[in-house]
Amino acid sequence: MNIADDHNPIEHFQKWFHEVDKAHPEDEANAMLLSTKGLDGFPKSRIVLLKRFTWEGFIFFTNYKSEKGMAIANDDRVSVLFNWIKSKREILITGRAEKISKNLSEGYFESRPEGSKLSAWVSNQSEVIASRKILEDRLNRYETKYQGKEIPKPEYWGGYIIKPSHIEFNEYSQSVGFRCITEYKLQSDFGWGKRVRYTKSREF
């Protein structure tokens with residue numbers, strides 16, 4: 001099946017993601033710019049890592065009490081940008097974020113290295129810390145507490161899935177000076193509408 005003739009943006013994403021990851025393994029193809037509406041009303045953006053994608057959407061993990069976690073709780077509308085400069089490709093995704101099930105978050109947490117598990121307990125994202133020593137003391141305390149034991153997932157830590165309603169694929173061509181924009185929009189029947197257009201390319 002030719003992606004150009006299909007109306008499934010997740011297959012389109014999968015094709016591009018694997019092509020970029022294979023072509024530039026030294027870069028983090030799964031790095032994405034997540035934007036939310038902050039509690040102060042202003043948009044906020046930060047880099048997070050895509051850990052999985054499914055037919056439903058795109059999954060990342062974080063502290064629910066972080067700034068982005070609280071922003072999502074207040075307004076679940078988000079956007080994500082993949083900016084693959086070396087491949088001259090971008091993907092812009094807009095949709096709504098929601099928590100994944102506890103058992104799925106626990107399954108992923110169990111697969112993490114021990115140091116990453118401990119860091120989830122030690123560091124409360126967005127919390128102001130008076131000194132580095134406070135973090136070091138916390139780490140020592142949790143290392144002692146869980147020495148020789150399975151480290152459980154904190155209740156305040158887990159995954160979100162971004163369920164897209166709009167996905168835009170941009171591919172730039174400097175040689176001919178244009179970019180190809182493939183746009184997918186979720187329809188009322190939950191199918192995807194598709195539009196392809198061309199505009200003048202910007203410089204990379």
# chains A, B, ... in the order shown; residues from 1 in each chain; ligands from 1
call {"tool": "select_by_dssp", "arguments": {"residues": "region 14-190 of chain A", "states": "alpha helix (DSSP H)", "output": "number ranges by chain"}}
result
A: 14-23, 67-74, 102-111, 114-122, 132-145
call {"tool": "write_last_selection", "arguments": {"atoms": "N, CA and C atoms", "output": "short mmCIF file (atom, residue, chain, number, x, y, z; two decimals), in the first residue's frame"}}
result
data_model
loop_
_atom_site.label_atom_id
_atom_site.label_comp_id
_atom_site.auth_asym_id
_atom_site.auth_seq_id
_atom_site.Cartn_x
_atom_site.Cartn_y
_atom_site.Cartn_z
N GLN A 14 4.70 6.31 11.10
CA GLN A 14 5.57 5.16 11.31
C GLN A 14 6.64 5.07 10.22
N LYS A 15 6.24 5.29 8.99
CA LYS A 15 7.18 5.23 7.87
C LYS A 15 8.25 6.30 8.02
N TRP A 16 7.84 7.53 8.26
CA TRP A 16 8.81 8.61 8.41
C TRP A 16 9.71 8.40 9.62
N PHE A 17 9.13 8.02 10.75
CA PHE A 17 9.91 7.85 11.97
C PHE A 17 11.03 6.83 11.77
N HIS A 18 10.71 5.69 11.19
CA HIS A 18 11.73 4.65 11.00
C HIS A 18 12.76 5.08 9.96
N GLU A 19 12.36 5.82 8.95
CA GLU A 19 13.32 6.31 7.95
C GLU A 19 14.30 7.30 8.59
N VAL A 20 13.80 8.22 9.40
CA VAL A 20 14.65 9.21 10.05
C VAL A 20 15.57 8.55 11.07
N ASP A 21 15.02 7.63 11.85
CA ASP A 21 15.80 6.93 12.88
C ASP A 21 16.93 6.12 12.27
N LYS A 22 16.66 5.52 11.12
CA LYS A 22 17.68 4.72 10.44
C LYS A 22 18.73 5.60 9.79
N ALA A 23 18.30 6.72 9.21
CA ALA A 23 19.23 7.60 8.50
C ALA A 23 20.13 8.38 9.45
N GLU A 67 4.82 20.90 35.86
CA GLU A 67 4.09 22.02 35.24
C GLU A 67 3.24 21.53 34.07
N LYS A 68 3.81 20.66 33.23
CA LYS A 68 3.03 20.18 32.07
C LYS A 68 1.89 19.28 32.50
N GLY A 69 2.12 18.48 33.57
CA GLY A 69 1.05 17.62 34.07
C GLY A 69 -0.12 18.44 34.60
N MET A 70 0.18 19.50 35.34
CA MET A 70 -0.89 20.35 35.87
C MET A 70 -1.58 21.13 34.75
N ALA A 71 -0.80 21.53 33.74
CA ALA A 71 -1.39 22.24 32.60
C ALA A 71 -2.37 21.34 31.86
N ILE A 72 -2.00 20.07 31.65
CA ILE A 72 -2.87 19.12 30.96
C ILE A 72 -4.14 18.85 31.77
N ALA A 73 -4.00 18.77 33.09
CA ALA A 73 -5.16 18.57 33.94
C ALA A 73 -6.14 19.73 33.82
N ASN A 74 -5.60 20.92 33.58
CA ASN A 74 -6.43 22.12 33.47
C ASN A 74 -7.01 22.29 32.06
N LYS A 102 -3.15 2.79 34.71
CA LYS A 102 -2.11 2.60 35.72
C LYS A 102 -1.25 1.38 35.41
N ASN A 103 -1.87 0.29 34.95
CA ASN A 103 -1.08 -0.93 34.70
C ASN A 103 -0.12 -0.75 33.53
N LEU A 104 -0.51 0.06 32.53
CA LEU A 104 0.40 0.33 31.41
C LEU A 104 1.58 1.19 31.88
N SER A 105 1.30 2.16 32.74
CA SER A 105 2.38 2.99 33.29
C SER A 105 3.32 2.14 34.15
N GLU A 106 2.75 1.23 34.94
CA GLU A 106 3.57 0.36 35.77
C GLU A 106 4.43 -0.57 34.92
N GLY A 107 3.87 -1.06 33.82
CA GLY A 107 4.63 -1.94 32.93
C GLY A 107 5.84 -1.24 32.34
N TYR A 108 5.64 0.01 31.93
CA TYR A 108 6.78 0.77 31.38
C TYR A 108 7.79 1.09 32.48
N PHE A 109 7.29 1.48 33.66
CA PHE A 109 8.19 1.83 34.76
C PHE A 109 9.09 0.66 35.12
N GLU A 110 8.56 -0.53 35.11
CA GLU A 110 9.34 -1.73 35.44
C GLU A 110 10.48 -1.96 34.46
N SER A 111 10.32 -1.47 33.22
CA SER A 111 11.35 -1.68 32.20
C SER A 111 12.49 -0.66 32.30
N GLU A 114 17.38 1.08 37.01
CA GLU A 114 17.18 1.40 38.42
C GLU A 114 17.38 2.88 38.71
N GLY A 115 18.39 3.48 38.08
CA GLY A 115 18.65 4.91 38.30
C GLY A 115 17.50 5.78 37.87
N SER A 116 16.85 5.42 36.77
CA SER A 116 15.70 6.20 36.30
C SER A 116 14.51 6.03 37.23
N LYS A 117 14.36 4.82 37.77
CA LYS A 117 13.27 4.59 38.73
C LYS A 117 13.47 5.45 39.97
N LEU A 118 14.71 5.48 40.48
CA LEU A 118 14.98 6.26 41.68
C LEU A 118 14.79 7.75 41.42
N SER A 119 15.17 8.21 40.23
CA SER A 119 15.03 9.63 39.93
C SER A 119 13.57 10.08 39.93
N ALA A 120 12.67 9.17 39.59
CA ALA A 120 11.24 9.49 39.63
C ALA A 120 10.79 9.77 41.06
N TRP A 121 11.43 9.12 42.03
CA TRP A 121 11.11 9.35 43.44
C TRP A 121 11.82 10.59 43.98
N VAL A 122 13.03 10.82 43.51
CA VAL A 122 13.86 11.89 44.07
C VAL A 122 13.43 13.27 43.60
N ARG A 132 21.66 21.41 45.93
CA ARG A 132 21.91 20.09 45.36
C ARG A 132 21.93 19.01 46.45
N LYS A 133 22.37 19.41 47.64
CA LYS A 133 22.48 18.45 48.74
C LYS A 133 21.12 17.83 49.10
N ILE A 134 20.06 18.61 48.95
CA ILE A 134 18.73 18.09 49.24
C ILE A 134 18.41 16.91 48.32
N LEU A 135 18.74 17.05 47.03
CA LEU A 135 18.52 15.96 46.09
C LEU A 135 19.40 14.76 46.40
N GLU A 136 20.66 15.03 46.75
CA GLU A 136 21.57 13.94 47.08
C GLU A 136 21.11 13.19 48.32
N ASP A 137 20.60 13.92 49.31
CA ASP A 137 20.09 13.28 50.53
C ASP A 137 18.86 12.43 50.22
N ARG A 138 17.98 12.94 49.36
CA ARG A 138 16.80 12.18 48.95
C ARG A 138 17.21 10.89 48.24
N LEU A 139 18.19 11.02 47.33
CA LEU A 139 18.66 9.85 46.59
C LEU A 139 19.21 8.80 47.54
N ASN A 140 20.03 9.22 48.48
CA ASN A 140 20.60 8.27 49.45
C ASN A 140 19.50 7.59 50.25
N ARG A 141 18.48 8.36 50.62
CA ARG A 141 17.39 7.80 51.41
C ARG A 141 16.62 6.73 50.64
N TYR A 142 16.33 7.01 49.35
CA TYR A 142 15.58 6.04 48.55
C TYR A 142 16.44 4.85 48.14
N GLU A 143 17.74 5.08 47.94
CA GLU A 143 18.64 3.96 47.65
C GLU A 143 18.65 2.98 48.83
N THR A 144 18.69 3.53 50.03
CA THR A 144 18.67 2.68 51.24
C THR A 144 17.32 1.98 51.40
N LYS A 145 16.25 2.72 51.17
CA LYS A 145 14.90 2.18 51.35
C LYS A 145 14.62 1.01 50.41
#
call {"tool": "select_by_dssp", "arguments": {"residues": "region 51-111 of chain A", "states": "strand (DSSP E)", "output": "list of chain:residue names"}}
result
A:Arg52, A:Phe53, A:Phe58, A:Ile59, A:Phe60, A:Phe61, A:Thr62, A:Asn63, A:Arg77, A:Val78, A:Ser79, A:Val80, A:Leu81, A:Phe82, A:Asn83, A:Trp84, A:Arg89, A:Glu90, A:Ile91, A:Leu92, A:Ile93, A:Thr94, A:Gly95, A:Arg96, A:Ala97, A:Glu98, A:Lys99
call {"tool": "write_last_selection", "arguments": {"atoms": "C-alpha atoms", "output": "JSON list (two decimals), in the first residue's frame"}}
result
[["chain", "number", "residue", "atom", "x", "y", "z"],
["A", 52, "ARG", "CA", 5.47, 4.55, 22.10],
["A", 53, "PHE", "CA", 2.94, 5.21, 19.41],
["A", 58, "PHE", "CA", 1.46, 9.09, 20.95],
["A", 59, "ILE", "CA", 2.66, 8.19, 24.46],
["A", 60, "PHE", "CA", 5.12, 9.92, 26.77],
["A", 61, "PHE", "CA", 5.78, 9.67, 30.52],
["A", 62, "THR", "CA", 6.22, 12.32, 33.18],
["A", 63, "ASN", "CA", 5.45, 13.46, 36.71],
["A", 77, "ARG", "CA", -5.50, 20.43, 24.36],
["A", 78, "VAL", "CA", -1.85, 20.07, 23.33],
["A", 79, "SER", "CA", 0.41, 20.20, 20.30],
["A", 80, "VAL", "CA", 3.57, 18.29, 19.44],
["A", 81, "LEU", "CA", 6.30, 19.10, 16.93],
["A", 82, "PHE", "CA", 8.89, 16.68, 15.53],
["A", 83, "ASN", "CA", 11.61, 18.73, 13.83],
["A", 84, "TRP", "CA", 13.92, 16.43, 11.90],
["A", 89, "ARG", "CA", 11.00, 16.90, 7.61],
["A", 90, "GLU", "CA", 8.63, 18.18, 10.28],
["A", 91, "ILE", "CA", 5.47, 16.74, 11.80],
["A", 92, "LEU", "CA", 2.97, 18.89, 13.69],
["A", 93, "ILE", "CA", 0.34, 17.11, 15.78],
["A", 94, "THR", "CA", -2.57, 18.66, 17.67],
["A", 95, "GLY", "CA", -4.99, 16.77, 19.86],
["A", 96, "ARG", "CA", -5.97, 16.01, 23.43],
["A", 97, "ALA", "CA", -3.83, 14.35, 26.11],
["A", 98, "GLU", "CA", -5.13, 11.92, 28.69],
["A", 99, "LYS", "CA", -3.53, 9.59, 31.25]]
call {"tool": "closest_residue", "arguments": {"among": "A:Lys153, A:Arg197, A:Asp75, A:Tyr64", "to": "Phe42 (chain A)", "atoms": "only C-alpha atoms"}}
result
A:Asp75
call {"tool": "closest_residue", "arguments": {"among": "A:Ser87, A:Ser101, A:Trp192, A:Glu150", "to": "Tyr172 (chain A)", "atoms": "only C-alpha atoms"}}
result
A:Ser87
call {"tool": "atom_distance", "arguments": {"atom1": "CA of Val196 (chain A)", "atom2": "CA of Ile181 (chain A)"}}
result
5.7 Å
call {"tool": "closest_residue", "arguments": {"among": "A:Glu56, A:Glu11, A:Asp6, A:Asp40", "to": "Tyr160 (chain A)", "atoms": "only C-alpha atoms"}}
result
A:Glu56
call {"tool": "residues_around", "arguments": {"residues": "Ile100 (chain A)", "least_positions_apart": "6", "cutoff": "8 Å", "atoms": "only C-alpha atoms", "output": "number ranges by chain"}}
result
A: 158-161
call {"tool": "atom_distance", "arguments": {"atom1": "CA of Thr182 (chain A)", "atom2": "CA of Gly38 (chain A)"}}
result
29.4 Å
call {"tool": "residues_around", "arguments": {"residues": "Tyr184 (chain A)", "least_positions_apart": "2", "cutoff": "6 Å", "atoms": "only C-alpha atoms", "output": "ChimeraX atom specification"}}
result
/A:166-167,193-194
call {"tool": "atom_distance", "arguments": {"atom1": "CA of Ile151 (chain A)", "atom2": "CA of Lys51 (chain A)"}}
result
20.3 Å
call {"tool": "residues_around", "arguments": {"residues": "Glu171 (chain A)", "least_positions_apart": "3", "cutoff": "6 Å", "atoms": "only C-alpha atoms", "output": "list in words"}}
result
Lys88, Arg89, Arg179 and Cys180 of chain A
call {"tool": "write_last_selection", "arguments": {"atoms": "N, CA and C atoms", "output": "mmCIF file, in the first residue's frame"}}
result
data_model
loop_
_atom_site.group_PDB
_atom_site.id
_atom_site.type_symbol
_atom_site.label_atom_id
_atom_site.label_comp_id
_atom_site.auth_asym_id
_atom_site.auth_seq_id
_atom_site.Cartn_x
_atom_site.Cartn_y
_atom_site.Cartn_z
ATOM 1 N N LYS A 88 15.092 17.074 6.669
ATOM 2 C CA LYS A 88 14.236 18.122 6.079
ATOM 3 C C LYS A 88 12.757 17.757 6.183
ATOM 4 N N ARG A 89 12.388 17.289 7.364
ATOM 5 C CA ARG A 89 11.004 16.897 7.610
ATOM 6 C C ARG A 89 10.544 17.438 8.965
ATOM 7 N N ARG A 179 7.967 22.996 -0.541
ATOM 8 C CA ARG A 179 7.712 21.984 0.478
ATOM 9 C C ARG A 179 6.363 21.345 0.194
ATOM 10 N N CYS A 180 6.297 20.056 0.501
ATOM 11 C CA CYS A 180 5.065 19.293 0.341
ATOM 12 C C CYS A 180 4.417 19.168 1.718
#
call {"tool": "closest_residue", "arguments": {"among": "A:Gln147, A:Pro9, A:Pro25, A:Ser66", "to": "Ser165 (chain A)", "atoms": "only C-alpha atoms"}}
result
A:Pro9
